[in-house]
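Printed here is coords.pdb (PDB, N, CA and C atoms):
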```pdb
MODEL        1
ATOM      1  N   MET A 179      -1.172  56.393  71.047
ATOM      2  CA  MET A 179      -0.725  57.239  69.962
ATOM      3  C   MET A 179      -0.659  56.395  68.696
ATOM      4  N   ASN A 180      -1.173  56.951  67.618
ATOM      5  CA  ASN A 180      -1.234  56.222  66.354
ATOM      6  C   ASN A 180      -0.138  56.710  65.402
ATOM      7  N   LEU A 181       0.914  55.923  65.289
ATOM      8  CA  LEU A 181       2.049  56.304  64.450
ATOM      9  C   LEU A 181       1.743  56.205  62.959
ATOM     10  N   ASN A 182       0.775  55.363  62.583
ATOM     11  CA  ASN A 182       0.396  55.283  61.171
ATOM     12  C   ASN A 182      -0.139  56.629  60.693
ATOM     13  N   ASN A 183      -0.903  57.287  61.549
ATOM     14  CA  ASN A 183      -1.446  58.594  61.186
ATOM     15  C   ASN A 183      -0.359  59.660  61.108
ATOM     16  N   LEU A 184       0.726  59.467  61.837
ATOM     17  CA  LEU A 184       1.848  60.402  61.750
ATOM     18  C   LEU A 184       2.491  60.329  60.365
ATOM     19  N   GLY A 185       2.652  59.117  59.855
ATOM     20  CA  GLY A 185       3.172  58.945  58.501
ATOM     21  C   GLY A 185       2.235  59.542  57.459
ATOM     22  N   LEU A 186       0.938  59.386  57.683
ATOM     23  CA  LEU A 186      -0.062  59.959  56.787
ATOM     24  C   LEU A 186      -0.010  61.487  56.830
ATOM     25  N   ALA A 187       0.188  62.044  58.029
ATOM     26  CA  ALA A 187       0.296  63.502  58.175
ATOM     27  C   ALA A 187       1.521  64.021  57.427
ATOM     28  N   LYS A 188       2.603  63.254  57.442
ATOM     29  CA  LYS A 188       3.797  63.675  56.704
ATOM     30  C   LYS A 188       3.512  63.684  55.209
ATOM     31  N   ALA A 189       2.835  62.639  54.735
ATOM     32  CA  ALA A 189       2.512  62.571  53.310
ATOM     33  C   ALA A 189       1.603  63.726  52.886
ATOM     34  N   ALA A 190       0.764  64.182  53.810
ATOM     35  CA  ALA A 190      -0.151  65.289  53.530
ATOM     36  C   ALA A 190       0.497  66.644  53.781
ATOM     37  N   ARG A 191       1.783  66.637  54.120
ATOM     38  CA  ARG A 191       2.540  67.863  54.416
ATOM     39  C   ARG A 191       1.904  68.668  55.548
ATOM     40  N   ALA A 192       1.477  67.929  56.585
ATOM     41  CA  ALA A 192       0.824  68.558  57.734
ATOM     42  C   ALA A 192       1.745  68.595  58.946
ATOM     43  N   ILE A 193       3.042  68.308  58.740
ATOM     44  CA  ILE A 193       3.991  68.333  59.852
ATOM     45  C   ILE A 193       5.212  69.178  59.503
ATOM     46  N   ILE A 194       5.918  69.550  60.551
ATOM     47  CA  ILE A 194       7.203  70.226  60.398
ATOM     48  C   ILE A 194       8.142  69.627  61.433
ATOM     49  N   THR A 195       9.413  69.493  61.090
ATOM     50  CA  THR A 195      10.373  68.911  62.022
ATOM     51  C   THR A 195      11.492  69.908  62.316
ATOM     52  N   GLY A 196      12.100  69.724  63.465
ATOM     53  CA  GLY A 196      13.223  70.568  63.851
ATOM     54  C   GLY A 196      12.831  71.625  64.866
ATOM     55  N   GLU A 197      13.673  71.785  65.856
ATOM     56  CA  GLU A 197      13.400  72.704  66.966
ATOM     57  C   GLU A 197      13.136  74.133  66.499
ATOM     58  N   ASP A 198      14.014  74.695  65.691
ATOM     59  CA  ASP A 198      13.868  76.084  65.256
ATOM     60  C   ASP A 198      12.610  76.301  64.416
ATOM     61  N   LYS A 199      12.334  75.384  63.512
ATOM     62  CA  LYS A 199      11.150  75.506  62.663
ATOM     63  C   LYS A 199       9.867  75.388  63.473
ATOM     64  N   VAL A 200       9.867  74.476  64.442
ATOM     65  CA  VAL A 200       8.689  74.303  65.289
ATOM     66  C   VAL A 200       8.442  75.569  66.113
ATOM     67  N   ILE A 201       9.480  76.140  66.676
ATOM     68  CA  ILE A 201       9.324  77.368  67.463
ATOM     69  C   ILE A 201       8.825  78.514  66.580
ATOM     70  N   GLU A 202       9.336  78.607  65.367
ATOM     71  CA  GLU A 202       8.882  79.646  64.438
ATOM     72  C   GLU A 202       7.387  79.514  64.156
ATOM     73  N   LYS A 203       6.926  78.284  63.905
ATOM     74  CA  LYS A 203       5.503  78.058  63.616
ATOM     75  C   LYS A 203       4.645  78.254  64.858
ATOM     76  N   LEU A 204       5.191  77.956  66.036
ATOM     77  CA  LEU A 204       4.478  78.236  67.286
ATOM     78  C   LEU A 204       4.190  79.724  67.398
ATOM     79  N   LYS A 205       5.192  80.534  67.130
ATOM     80  CA  LYS A 205       5.045  81.987  67.222
ATOM     81  C   LYS A 205       4.014  82.516  66.230
ATOM     82  N   GLN A 206       3.825  81.791  65.134
ATOM     83  CA  GLN A 206       2.842  82.183  64.115
ATOM     84  C   GLN A 206       1.461  81.584  64.407
ATOM     85  N   HIS A 207       1.330  80.870  65.529
ATOM     86  CA  HIS A 207       0.067  80.235  65.940
ATOM     87  C   HIS A 207      -0.435  79.248  64.884
ATOM     88  N   LYS A 208       0.470  78.453  64.324
ATOM     89  CA  LYS A 208       0.094  77.522  63.256
ATOM     90  C   LYS A 208       0.143  76.058  63.671
ATOM     91  N   LEU A 209       0.459  75.757  64.921
ATOM     92  CA  LEU A 209       0.572  74.364  65.351
ATOM     93  C   LEU A 209      -0.541  73.988  66.321
ATOM     94  N   HIS A 210      -0.970  72.723  66.224
ATOM     95  CA  HIS A 210      -2.012  72.200  67.116
ATOM     96  C   HIS A 210      -1.475  71.154  68.080
ATOM     97  N   LEU A 211      -0.318  70.603  67.784
ATOM     98  CA  LEU A 211       0.281  69.564  68.622
ATOM     99  C   LEU A 211       1.774  69.517  68.341
ATOM    100  N   ILE A 212       2.538  69.243  69.392
ATOM    101  CA  ILE A 212       3.977  69.029  69.236
ATOM    102  C   ILE A 212       4.319  67.670  69.811
ATOM    103  N   LEU A 213       5.066  66.902  69.047
ATOM    104  CA  LEU A 213       5.596  65.634  69.519
ATOM    105  C   LEU A 213       7.070  65.864  69.840
ATOM    106  N   LEU A 214       7.414  65.646  71.084
ATOM    107  CA  LEU A 214       8.773  65.871  71.559
ATOM    108  C   LEU A 214       9.319  64.545  72.061
ATOM    109  N   ALA A 215      10.438  64.111  71.522
ATOM    110  CA  ALA A 215      11.033  62.836  71.929
ATOM    111  C   ALA A 215      11.402  62.880  73.408
ATOM    112  N   LYS A 216      11.060  61.801  74.112
ATOM    113  CA  LYS A 216      11.348  61.770  75.550
ATOM    114  C   LYS A 216      12.837  61.668  75.836
ATOM    115  N   ASP A 217      13.637  61.363  74.829
ATOM    116  CA  ASP A 217      15.084  61.299  75.016
ATOM    117  C   ASP A 217      15.796  62.528  74.432
ATOM    118  N   SER A 218      15.046  63.616  74.237
ATOM    119  CA  SER A 218      15.655  64.872  73.773
ATOM    120  C   SER A 218      16.480  65.481  74.900
ATOM    121  N   GLY A 219      17.412  66.335  74.532
ATOM    122  CA  GLY A 219      18.244  67.008  75.514
ATOM    123  C   GLY A 219      17.422  67.922  76.421
ATOM    124  N   SER A 220      17.968  68.222  77.588
ATOM    125  CA  SER A 220      17.230  69.018  78.572
ATOM    126  C   SER A 220      16.965  70.442  78.074
ATOM    127  N   SER A 221      17.902  71.036  77.346
ATOM    128  CA  SER A 221      17.674  72.404  76.860
ATOM    129  C   SER A 221      16.590  72.428  75.782
ATOM    130  N   THR A 222      16.585  71.446  74.894
ATOM    131  CA  THR A 222      15.545  71.354  73.868
ATOM    132  C   THR A 222      14.195  71.129  74.509
ATOM    133  N   THR A 223      14.152  70.206  75.459
ATOM    134  CA  THR A 223      12.899  69.895  76.148
ATOM    135  C   THR A 223      12.339  71.128  76.842
ATOM    136  N   LYS A 224      13.185  71.834  77.573
ATOM    137  CA  LYS A 224      12.735  73.028  78.293
ATOM    138  C   LYS A 224      12.253  74.102  77.331
ATOM    139  N   LYS A 225      13.018  74.356  76.277
ATOM    140  CA  LYS A 225      12.667  75.400  75.320
ATOM    141  C   LYS A 225      11.318  75.107  74.650
ATOM    142  N   ILE A 226      11.144  73.886  74.181
ATOM    143  CA  ILE A 226       9.907  73.514  73.485
ATOM    144  C   ILE A 226       8.723  73.556  74.445
ATOM    145  N   LYS A 227       8.872  72.990  75.631
ATOM    146  CA  LYS A 227       7.764  72.976  76.590
ATOM    147  C   LYS A 227       7.386  74.384  77.033
ATOM    148  N   ASP A 228       8.366  75.233  77.281
ATOM    149  CA  ASP A 228       8.085  76.608  77.694
ATOM    150  C   ASP A 228       7.345  77.379  76.600
ATOM    151  N   LYS A 229       7.826  77.275  75.366
ATOM    152  CA  LYS A 229       7.190  77.987  74.253
ATOM    153  C   LYS A 229       5.781  77.445  74.003
ATOM    154  N   ALA A 230       5.632  76.133  74.031
ATOM    155  CA  ALA A 230       4.319  75.520  73.802
ATOM    156  C   ALA A 230       3.332  75.936  74.883
ATOM    157  N   SER A 231       3.787  75.985  76.115
ATOM    158  CA  SER A 231       2.932  76.417  77.210
ATOM    159  C   SER A 231       2.493  77.868  77.005
ATOM    160  N   PHE A 232       3.420  78.714  76.632
ATOM    161  CA  PHE A 232       3.120  80.121  76.401
ATOM    162  C   PHE A 232       2.086  80.297  75.296
ATOM    163  N   TYR A 233       2.194  79.516  74.220
ATOM    164  CA  TYR A 233       1.289  79.646  73.081
ATOM    165  C   TYR A 233       0.080  78.705  73.158
ATOM    166  N   GLY A 234      -0.024  77.935  74.231
ATOM    167  CA  GLY A 234      -1.189  77.083  74.440
ATOM    168  C   GLY A 234      -1.288  75.884  73.513
ATOM    169  N   VAL A 235      -0.163  75.272  73.210
ATOM    170  CA  VAL A 235      -0.138  74.100  72.324
ATOM    171  C   VAL A 235       0.255  72.869  73.135
ATOM    172  N   ARG A 236      -0.458  71.773  72.914
ATOM    173  CA  ARG A 236      -0.182  70.529  73.632
ATOM    174  C   ARG A 236       1.158  69.943  73.189
ATOM    175  N   VAL A 237       1.859  69.333  74.147
ATOM    176  CA  VAL A 237       3.124  68.652  73.862
ATOM    177  C   VAL A 237       2.985  67.208  74.327
ATOM    178  N   ASN A 238       3.310  66.285  73.444
ATOM    179  CA  ASN A 238       3.275  64.863  73.775
ATOM    180  C   ASN A 238       4.709  64.355  73.815
ATOM    181  N   CYS A 239       5.093  63.758  74.941
ATOM    182  CA  CYS A 239       6.466  63.272  75.123
ATOM    183  C   CYS A 239       6.515  61.767  75.347
ATOM    184  N   GLU A 240       5.634  61.011  74.703
ATOM    185  CA  GLU A 240       5.547  59.573  74.927
ATOM    186  C   GLU A 240       6.574  58.759  74.135
ATOM    187  N   LEU A 241       7.049  59.272  73.021
ATOM    188  CA  LEU A 241       7.872  58.476  72.110
ATOM    189  C   LEU A 241       9.341  58.876  72.158
ATOM    190  N   THR A 242      10.194  57.962  71.736
ATOM    191  CA  THR A 242      11.626  58.248  71.639
ATOM    192  C   THR A 242      11.915  58.865  70.272
ATOM    193  N   SER A 243      13.106  59.391  70.124
ATOM    194  CA  SER A 243      13.484  59.969  68.833
ATOM    195  C   SER A 243      13.532  58.890  67.753
ATOM    196  N   GLN A 244      13.919  57.691  68.120
ATOM    197  CA  GLN A 244      13.942  56.604  67.148
ATOM    198  C   GLN A 244      12.530  56.281  66.657
ATOM    199  N   GLU A 245      11.563  56.258  67.567
ATOM    200  CA  GLU A 245      10.179  55.970  67.178
ATOM    201  C   GLU A 245       9.610  57.078  66.296
ATOM    202  N   LEU A 246       9.888  58.326  66.654
ATOM    203  CA  LEU A 246       9.419  59.443  65.826
ATOM    204  C   LEU A 246      10.058  59.397  64.445
ATOM    205  N   SER A 247      11.359  59.139  64.402
ATOM    206  CA  SER A 247      12.088  59.077  63.136
ATOM    207  C   SER A 247      11.545  57.975  62.245
ATOM    208  N   GLN A 248      11.320  56.799  62.831
ATOM    209  CA  GLN A 248      10.798  55.668  62.069
ATOM    210  C   GLN A 248       9.412  55.962  61.520
ATOM    211  N   ALA A 249       8.585  56.620  62.310
ATOM    212  CA  ALA A 249       7.200  56.882  61.913
ATOM    213  C   ALA A 249       7.108  57.761  60.669
ATOM    214  N   ILE A 250       8.084  58.651  60.487
ATOM    215  CA  ILE A 250       8.024  59.540  59.315
ATOM    216  C   ILE A 250       9.107  59.230  58.284
ATOM    217  N   GLY A 251       9.892  58.192  58.531
ATOM    218  CA  GLY A 251      10.883  57.766  57.556
ATOM    219  C   GLY A 251      12.091  58.672  57.447
ATOM    220  N   GLU A 252      12.478  59.306  58.539
ATOM    221  CA  GLU A 252      13.660  60.163  58.556
ATOM    222  C   GLU A 252      14.567  59.709  59.696
ATOM    223  N   ILE A 253      15.689  60.396  59.872
ATOM    224  CA  ILE A 253      16.596  60.024  60.950
ATOM    225  C   ILE A 253      16.805  61.198  61.902
ATOM    226  N   ASN A 254      17.056  60.853  63.154
ATOM    227  CA  ASN A 254      17.416  61.819  64.193
ATOM    228  C   ASN A 254      16.376  62.928  64.379
ATOM    229  N   ILE A 255      15.107  62.537  64.487
ATOM    230  CA  ILE A 255      14.016  63.490  64.696
ATOM    231  C   ILE A 255      13.695  63.564  66.188
ATOM    232  N   HIS A 256      13.710  64.772  66.731
ATOM    233  CA  HIS A 256      13.406  64.969  68.150
ATOM    234  C   HIS A 256      12.144  65.800  68.368
ATOM    235  N   VAL A 257      11.778  66.620  67.404
ATOM    236  CA  VAL A 257      10.617  67.501  67.554
ATOM    237  C   VAL A 257       9.814  67.509  66.256
ATOM    238  N   ILE A 258       8.504  67.296  66.394
ATOM    239  CA  ILE A 258       7.599  67.358  65.242
ATOM    240  C   ILE A 258       6.429  68.258  65.622
ATOM    241  N   GLY A 259       6.115  69.188  64.755
ATOM    242  CA  GLY A 259       4.943  70.038  64.933
ATOM    243  C   GLY A 259       3.866  69.620  63.943
ATOM    244  N   ILE A 260       2.605  69.583  64.408
ATOM    245  CA  ILE A 260       1.476  69.179  63.571
ATOM    246  C   ILE A 260       0.640  70.421  63.249
ATOM    247  N   TYR A 261       0.498  70.724  61.952
ATOM    248  CA  TYR A 261      -0.269  71.889  61.503
ATOM    249  C   TYR A 261      -1.774  71.686  61.585
ATOM    250  N   ASN A 262      -2.224  70.512  61.204
ATOM    251  CA  ASN A 262      -3.640  70.238  61.006
ATOM    252  C   ASN A 262      -4.271  69.713  62.294
ATOM    253  N   GLU A 263      -5.359  70.342  62.730
ATOM    254  CA  GLU A 263      -6.007  69.936  63.977
ATOM    255  C   GLU A 263      -6.595  68.533  63.879
ATOM    256  N   GLY A 264      -7.110  68.174  62.724
ATOM    257  CA  GLY A 264      -7.666  66.829  62.524
ATOM    258  C   GLY A 264      -6.586  65.760  62.680
ATOM    259  N   PHE A 265      -5.429  65.987  62.082
ATOM    260  CA  PHE A 265      -4.321  65.049  62.233
ATOM    261  C   PHE A 265      -3.834  65.018  63.682
ATOM    262  N   ALA A 266      -3.813  66.158  64.328
ATOM    263  CA  ALA A 266      -3.375  66.206  65.733
ATOM    264  C   ALA A 266      -4.262  65.305  66.601
ATOM    265  N   LYS A 267      -5.575  65.358  66.375
ATOM    266  CA  LYS A 267      -6.503  64.510  67.140
ATOM    267  C   LYS A 267      -6.313  63.043  66.811
ATOM    268  N   LEU A 268      -6.133  62.731  65.513
ATOM    269  CA  LEU A 268      -5.931  61.340  65.099
ATOM    270  C   LEU A 268      -4.653  60.763  65.693
ATOM    271  N   ILE A 269      -3.604  61.530  65.703
ATOM    272  CA  ILE A 269      -2.312  61.050  66.206
ATOM    273  C   ILE A 269      -2.368  60.808  67.701
ATOM    274  N   GLU A 270      -3.090  61.635  68.424
ATOM    275  CA  GLU A 270      -3.158  61.492  69.882
ATOM    276  C   GLU A 270      -4.006  60.318  70.344
ATOM    277  N   LYS A 271      -4.847  59.771  69.479
ATOM    278  CA  LYS A 271      -5.701  58.634  69.866
ATOM    279  C   LYS A 271      -4.889  57.425  70.236
TER     280      LYS A 271
ENDMDL
END
```
As structure tokens, the full file:
Amino acid sequence: MNLNNLGLAKAARAIITGEDKVIEKLKQHKLHLILLAKDSGSSTTKKIKDKASFYGVRVNCELTSQELSQAIGEINIHVIGIYNEGFAKLIEK
């Protein structure tokens, strides 16, 4: 996973953070990838994975919330949704 590209995606406004916002964008079919912190709570993890599965969006759970937060320069980030398919592919490499 390339965290430099995650920071670039944030600068390009191609990401959204937060459980509720990510679920809202999932329902609108606007996300290509979800990054879910592996240390997220069980209810958050279940909710995000279930919704992503229903809408056919990949979920990556390789990183911790600290790593996700550092990559985009924010604090306490557990869920990130990626709008742009090109960025989603770059980040997953």
Practice problem: Could you pull out the residues in chain A that DSSP calls strand (DSSP E or B) from the backbone, as a VMD selection string? | Solution: chain A and resid 193 to 195 211 to 214 236 to 238 257 to 260
Taking N, CA and C atoms for each residue, export the selection above as a CSV table (one decimal), in the coordinates of the input.
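As a result, again-v4.csv now contains:
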```csv
chain,number,residue,atom,x,y,z
A,193,ILE,N,3.0,68.3,58.7
A,193,ILE,CA,4.0,68.3,59.9
A,193,ILE,C,5.2,69.2,59.5
A,194,ILE,N,5.9,69.6,60.6
A,194,ILE,CA,7.2,70.2,60.4
A,194,ILE,C,8.1,69.6,61.4
A,195,THR,N,9.4,69.5,61.1
A,195,THR,CA,10.4,68.9,62.0
A,195,THR,C,11.5,69.9,62.3
A,211,LEU,N,-0.3,70.6,67.8
A,211,LEU,CA,0.3,69.6,68.6
A,211,LEU,C,1.8,69.5,68.3
A,212,ILE,N,2.5,69.2,69.4
A,212,ILE,CA,4.0,69.0,69.2
A,212,ILE,C,4.3,67.7,69.8
A,213,LEU,N,5.1,66.9,69.0
A,213,LEU,CA,5.6,65.6,69.5
A,213,LEU,C,7.1,65.9,69.8
A,214,LEU,N,7.4,65.6,71.1
A,214,LEU,CA,8.8,65.9,71.6
A,214,LEU,C,9.3,64.5,72.1
A,236,ARG,N,-0.5,71.8,72.9
A,236,ARG,CA,-0.2,70.5,73.6
A,236,ARG,C,1.2,69.9,73.2
A,237,VAL,N,1.9,69.3,74.1
A,237,VAL,CA,3.1,68.7,73.9
A,237,VAL,C,3.0,67.2,74.3
A,238,ASN,N,3.3,66.3,73.4
A,238,ASN,CA,3.3,64.9,73.8
A,238,ASN,C,4.7,64.4,73.8
A,257,VAL,N,11.8,66.6,67.4
A,257,VAL,CA,10.6,67.5,67.6
A,257,VAL,C,9.8,67.5,66.3
A,258,ILE,N,8.5,67.3,66.4
A,258,ILE,CA,7.6,67.4,65.2
A,258,ILE,C,6.4,68.3,65.6
A,259,GLY,N,6.1,69.2,64.8
A,259,GLY,CA,4.9,70.0,64.9
A,259,GLY,C,3.9,69.6,63.9
A,260,ILE,N,2.6,69.6,64.4
A,260,ILE,CA,1.5,69.2,63.6
A,260,ILE,C,0.6,70.4,63.2
```
Quiz prompt | Residue nearest A:Ala266 among A:Arg191, A:Lys225, A:Lys199, A:His210 (counting all atoms listed in the file) | solution =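 Smallest separation from A:Ala266 among the options: A:His210.
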Quiz prompt | Nearest-residue call for A:Ala187, choices A:Asn238, A:Ala215, A:Ile260, A:Gln206, using only N, CA and C atoms | solution = A:Ile260
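Of note, atom CA of A:Thr223 and atom N of A:Asn182 are spaced 23.3 Å apart.
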Around all of stretch 208-226 of chain A's listed atoms, make the axis-aligned box with 5 Å on each side and tell me centre and edge lengths in Å to one decimal, as AutoDock Vina command-line options.
```
--center_x 8.1 --center_y 69.9 --center_z 70.9 --size_x 30.3 --size_y 27.2 --size_z 25.3
```
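Taking atom N of A:Leu268 and atom N of A:Lys224 as endpoints, the distance between them is 24.5 Å.
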Quiz item: When distances are computed from only C-alpha atoms, which of A:His256, A:Ile269, A:Glu202, A:Ile250 shows the smallest separation from A:Gly185?
Solution: A:Ile250
Quiz item: Given the choices A:Ile258, A:Ile226, A:Leu214, A:Ile194, which gets closest to A:Thr242 if the distance is worked out from only N, CA and C atoms?
Solution: A:Leu214
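The residues that lie within 8 Å of the point (-6.6, 75.2, 64.6), counting all atoms listed in the file, are His207, Lys208, Leu209, His210, Tyr261, Asn262, Glu263 and Gly264 of chain A.
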Quiz item: the PyMOL selection byres (((chain A and resi 235 and name CA) around 9) and name CA) on the file shown: which residues, as a list in words?
Solution: Leu204, His207, Leu209, His210, Leu211, Ile212, Lys229, Ala230, Ser231, Phe232, Tyr233, Gly234, Arg236 and Val237 of chain A
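Using all atoms listed in the file, the smallest distance between any of A:Leu181, A:Gly196, A:Lys227, A:Leu186 and A:Glu245 comes from A:Leu181.
Protein, DNA and RNA residues at most 8 Å from (0.2, 56.9, 70.8), with all atoms listed in the file, are these: Met179, Asn180, Leu181, Glu240, Leu241, Ile269, Glu270 and Lys271 of chain A.
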Practice problem: Just give me the gap between atom CA of A:Lys267 and atom CA of A:Ser221 in Å, one decimal is fine. | Solution: 27.2 Å
Quiz item: Using the chain letters and numbers from this document, which residues of stretch 186-255 of chain A does DSSP assign to helix (DSSP H, G or I), as a ChimeraX atom specification?
Solution: /A:186-189,197-205,220-233,243-250
